[in-house]
Structure formats: C-alpha cells, structure tokens
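For reference, upload07.cif (mmCIF, C-alpha atoms):
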```cif
data_my_file
#
loop_
_atom_site.group_PDB
_atom_site.id
_atom_site.type_symbol
_atom_site.label_atom_id
_atom_site.label_comp_id
_atom_site.auth_asym_id
_atom_site.auth_seq_id
_atom_site.Cartn_x
_atom_site.Cartn_y
_atom_site.Cartn_z
ATOM 1 C CA MET A 157 31.579 29.403 -49.046
ATOM 2 C CA LYS A 158 32.265 25.925 -47.687
ATOM 3 C CA LEU A 159 34.004 25.410 -44.328
ATOM 4 C CA LYS A 160 37.295 23.559 -44.411
ATOM 5 C CA ILE A 161 37.750 20.360 -42.418
ATOM 6 C CA LEU A 162 40.589 20.301 -39.895
ATOM 7 C CA PRO A 163 43.525 18.192 -41.032
ATOM 8 C CA PRO A 164 44.285 15.129 -38.888
ATOM 9 C CA THR A 165 47.378 16.755 -37.373
ATOM 10 C CA LEU A 166 45.266 19.539 -35.805
ATOM 11 C CA ARG A 167 42.436 17.349 -34.498
ATOM 12 C CA GLU A 168 42.308 16.350 -30.854
ATOM 13 C CA LYS A 169 43.308 12.746 -30.217
ATOM 14 C CA LYS A 170 40.757 10.446 -28.618
ATOM 15 C CA ARG A 171 40.641 7.047 -26.939
ATOM 16 C CA TYR A 172 37.826 4.534 -26.677
ATOM 17 C CA ILE A 173 37.239 2.593 -23.469
ATOM 18 C CA GLY A 174 35.147 -0.565 -23.166
ATOM 19 C CA LEU A 175 33.160 -1.085 -19.967
ATOM 20 C CA LYS A 176 30.931 -3.743 -18.497
ATOM 21 C CA MET A 177 28.350 -2.569 -15.985
ATOM 22 C CA TYR A 178 26.468 -4.987 -13.742
ATOM 23 C CA SER A 179 23.291 -3.900 -11.976
ATOM 24 C CA GLU A 180 20.641 -5.424 -9.727
ATOM 25 C CA GLU A 181 17.835 -3.533 -11.447
ATOM 26 C CA ASN A 182 17.135 -2.560 -15.044
ATOM 27 C CA LEU A 183 18.667 0.771 -16.173
ATOM 28 C CA LYS A 184 17.757 3.115 -19.017
ATOM 29 C CA LYS A 185 20.367 4.717 -21.300
ATOM 30 C CA GLU A 186 19.743 8.122 -19.690
ATOM 31 C CA GLU A 187 20.416 6.658 -16.245
ATOM 32 C CA ILE A 188 23.670 5.076 -17.424
ATOM 33 C CA PHE A 189 24.714 8.428 -18.901
ATOM 34 C CA ASN A 190 23.929 10.210 -15.593
ATOM 35 C CA ILE A 191 25.776 7.601 -13.540
ATOM 36 C CA LEU A 192 28.965 7.922 -15.602
ATOM 37 C CA TRP A 193 28.923 11.734 -15.764
ATOM 38 C CA ASN A 194 28.117 12.185 -12.076
ATOM 39 C CA SER A 195 30.991 9.914 -11.047
ATOM 40 C CA ILE A 196 33.455 12.059 -13.016
ATOM 41 C CA ILE A 197 32.041 15.360 -11.751
ATOM 42 C CA ASN A 198 32.005 14.167 -8.124
ATOM 43 C CA ILE A 199 35.669 13.174 -8.199
ATOM 44 C CA TYR A 200 37.284 15.793 -10.468
ATOM 45 C CA GLY A 201 34.847 18.711 -10.597
ATOM 46 C CA GLU A 202 33.284 20.371 -13.600
ATOM 47 C CA ILE A 203 36.402 21.993 -15.068
ATOM 48 C CA GLU A 204 38.538 18.853 -15.098
ATOM 49 C CA SER A 205 35.622 16.699 -16.273
ATOM 50 C CA SER A 206 35.087 19.003 -19.240
ATOM 51 C CA LYS A 207 38.732 18.432 -20.241
ATOM 52 C CA ILE A 208 38.118 14.672 -20.215
ATOM 53 C CA ASN A 209 35.484 15.219 -22.946
ATOM 54 C CA LEU A 210 33.396 12.104 -22.226
ATOM 55 C CA TRP A 211 31.031 10.769 -24.905
ATOM 56 C CA ILE A 212 29.019 7.583 -24.666
ATOM 57 C CA ILE A 213 29.261 5.889 -28.043
ATOM 58 C CA ASP A 214 27.203 2.744 -27.532
ATOM 59 C CA THR A 215 25.341 0.860 -24.814
ATOM 60 C CA SER A 216 23.904 -2.593 -25.197
ATOM 61 C CA LYS A 217 22.147 -4.834 -22.717
ATOM 62 C CA ILE A 218 23.333 -8.429 -22.529
ATOM 63 C CA GLU A 219 20.903 -11.176 -21.534
ATOM 64 C CA ASN A 220 21.930 -12.596 -18.175
ATOM 65 C CA LYS A 221 19.584 -14.438 -15.801
ATOM 66 C CA LYS A 222 21.369 -13.513 -12.570
ATOM 67 C CA ARG A 223 21.769 -9.745 -13.099
ATOM 68 C CA ASN A 224 21.470 -6.950 -15.631
ATOM 69 C CA GLN A 225 24.636 -6.575 -17.695
ATOM 70 C CA TYR A 226 25.485 -3.700 -20.035
ATOM 71 C CA ASN A 227 28.351 -3.318 -22.497
ATOM 72 C CA ILE A 228 29.332 0.326 -22.883
ATOM 73 C CA VAL A 229 31.795 2.063 -25.202
ATOM 74 C CA VAL A 230 32.874 5.583 -24.220
ATOM 75 C CA LYS A 231 35.164 8.093 -25.900
ATOM 76 C CA CYS A 232 37.525 10.433 -24.047
ATOM 77 C CA GLN A 233 40.448 12.754 -24.630
ATOM 78 C CA ARG A 234 43.841 11.049 -24.968
ATOM 79 C CA GLY A 235 45.855 11.367 -21.776
ATOM 80 C CA TYR A 236 42.809 11.253 -19.482
ATOM 81 C CA GLU A 237 42.158 7.512 -19.672
ATOM 82 C CA THR A 238 43.410 6.756 -16.165
ATOM 83 C CA GLU A 239 41.289 9.535 -14.632
ATOM 84 C CA LEU A 240 38.223 8.210 -16.416
ATOM 85 C CA ILE A 241 38.865 4.622 -15.341
ATOM 86 C CA THR A 242 39.420 5.778 -11.748
ATOM 87 C CA ALA A 243 36.099 7.618 -11.754
ATOM 88 C CA PHE A 244 34.271 4.607 -13.199
ATOM 89 C CA ASN A 245 35.799 2.246 -10.637
ATOM 90 C CA SER A 246 34.430 4.433 -7.837
ATOM 91 C CA ILE A 247 30.819 3.722 -8.893
ATOM 92 C CA TYR A 248 29.104 1.361 -6.496
ATOM 93 C CA ARG A 249 25.508 2.558 -5.981
ATOM 94 C CA TYR A 250 22.727 4.406 -7.803
ATOM 95 C CA LYS A 251 19.366 5.001 -6.059
ATOM 96 C CA LYS A 252 19.727 2.005 -3.706
ATOM 97 C CA ASN A 253 20.748 -0.121 -6.683
ATOM 98 C CA ARG A 254 24.143 -1.794 -6.354
ATOM 99 C CA LEU A 255 26.403 -1.387 -9.393
ATOM 100 C CA VAL A 256 29.758 -2.737 -10.496
ATOM 101 C CA VAL A 257 31.746 -1.269 -13.398
ATOM 102 C CA HIS A 258 34.623 -3.215 -14.951
ATOM 103 C CA THR A 259 36.971 -1.654 -17.466
ATOM 104 C CA ILE A 260 37.599 -4.111 -20.277
ATOM 105 C CA GLY A 261 40.184 -2.228 -22.309
ATOM 106 C CA THR A 262 41.206 0.893 -24.192
ATOM 107 C CA SER A 263 41.894 1.446 -27.852
ATOM 108 C CA GLY A 264 42.441 4.158 -30.430
ATOM 109 C CA THR A 265 39.546 3.076 -32.654
ATOM 110 C CA ILE A 266 36.133 1.519 -32.111
ATOM 111 C CA LYS A 267 36.899 -1.164 -34.670
ATOM 112 C CA SER A 268 40.000 -2.413 -32.852
ATOM 113 C CA LEU A 269 38.200 -2.221 -29.483
ATOM 114 C CA ASN A 270 35.429 -4.421 -30.848
ATOM 115 C CA LYS A 271 37.933 -6.765 -32.482
ATOM 116 C CA LYS A 272 39.890 -7.284 -29.247
ATOM 117 C CA TYR A 273 37.066 -7.421 -26.703
ATOM 118 C CA LYS A 274 33.858 -8.033 -28.745
ATOM 119 C CA LEU A 275 31.758 -5.394 -26.953
ATOM 120 C CA ILE A 276 29.430 -4.234 -29.720
#
```

Represent the structure of the file as structure tokens.
Amino acid sequence: MKLKILPPTLREKKRYIGLKMYSEENLKKEEIFNILWNSIINIYGEIESSKINLWIIDTSKIENKKRNQYNIVVKCQRGYETELITAFNSIYRYKKNRLVVHTIGTSGTIKSLNKKYKLI
C-alpha cells in the first residue's frame, strides 16, 4: 500500500531567507549551522525555536580578500520570518571570532530568491 502525498492546501507554508555572513576566520558548515541554531535557541527558547522550523538549504563561500564571506539560504515557517531575522541580527561573536549577519531578503521560493538577490 502506497502512502498518499499531502495536497498543497494541507502542507505547511514556508519562506526562504537569504543571508550574508561575514567572519574574521574561516568557518565550516557545521559551525555555521550551530551559530544560527544557537542564536534562535538563546533568544526564544527550545519550544518557540522548534515552531520556527529552521532548515539551512545552502551555504557557499565567496572569495573576498579582506574577510570570509558566506551566502546562506535558510527555510523557515511562514509567519516567523521576523523572529528569525531578529535572532540572526543578534549574532556578533563565535569563539572570539567577530561575525556580522546581514539579511538580504525573503521569498516564497528558492528560485525567486536567487533571481532577485543572486545568492546561489
């Protein structure tokens, strides 16, 4: 017996957010994931952060001679975009490494996010 796929009307809506992260030192993908999750958990707690439903879709490092720059695309639950952006804007340090996170924009699909802001 094959499982049925949920129709689009019953699926949870999602939003994609484009970020740029600047760092003094080189970061691994696992460290970026920990930085983003810890910022949400520290501000909102575990219950509220689980409602946000954060997923990191893509990270890419951009060549920059002055600093390390990363383009990041994350997915979250619709309606929690402002909470997520607030948590990301509160990031300023990770293990004595200064960080800056800029939110580039939000979109309903990855394709339109890439088309508008050219992140991926």

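On the file presented, the PyMOL selection byres ((chain A and resi 194) around 12) picks out Glu187, Ile188, Phe189, Asn190, Ile191, Leu192, Trp193, Ser195, Ile196, Ile197, Asn198, Ile199, Tyr200, Gly201, Glu202, Ser205, Leu210, Leu240, Ala243, Phe244, Ser246, Ile247, Arg249 and Tyr250 of chain A.
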
Any idea what's packed within 12 Å of Arg167 (chain A), counting all atoms listed in the file, ignoring anything in its chain fewer than 6 positions away? Could you give it as a count of residues only?
3

Determine the nearest neighbour of Tyr248 (chain A) from the options A:Gly235, A:Glu180, A:Lys272, A:Trp211, counting all atoms listed in the file.
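Between A:Gly235, A:Glu180, A:Lys272, A:Trp211, the residue approaching Tyr248 (chain A) most closely is A:Glu180.
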
Please evaluate the PyMOL selection byres ((chain A and resi 224) around 9) against the structure above and give the resulting residues as number ranges by chain.
A: 177-183, 217-223, 225-226

Take CA of Leu255 (chain A) and CA of Ser268 (chain A) and report the distance between them in Å, one decimal.
27.1 Å

Residues matched by the PyMOL selection byres ((chain A and resi 259) around 7) as a ChimeraX atom specification:
/A:174-176,241,257-258,260-261

Pairwise distance for CA of Thr262 (chain A) and CA of Tyr172 (chain A), rounded to one decimal in Å:
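Those two atoms sit 5.6 Å apart.
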
For a quick check of understanding, using only C-alpha atoms, which of A:Lys231, A:Lys274, A:Arg254, A:Lys185 has the smallest distance to Ile173 (chain A)?
A:Lys231

Would you mind reading off the distance between CA of Thr242 (chain A) and CA of Lys184 (chain A), one decimal, in Å?
23.0 Å

If the box runs along x, y and z of the file and leaves 8 Å on each side of region 244-258 of chain A, what are its centre and edge lengths in Å, one decimal, as JSON?
```
{"center_x": 27.6, "center_y": 0.9, "center_z": -9.3, "size_x": 32.4, "size_y": 24.2, "size_z": 27.2}
```

Using all atoms listed in the file, can you tell me which of A:Leu166, A:Tyr273, A:Lys207, A:Lys158 comes closest to Glu237 (chain A)?
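Closest residue, counting all atoms listed in the file: A:Lys207.
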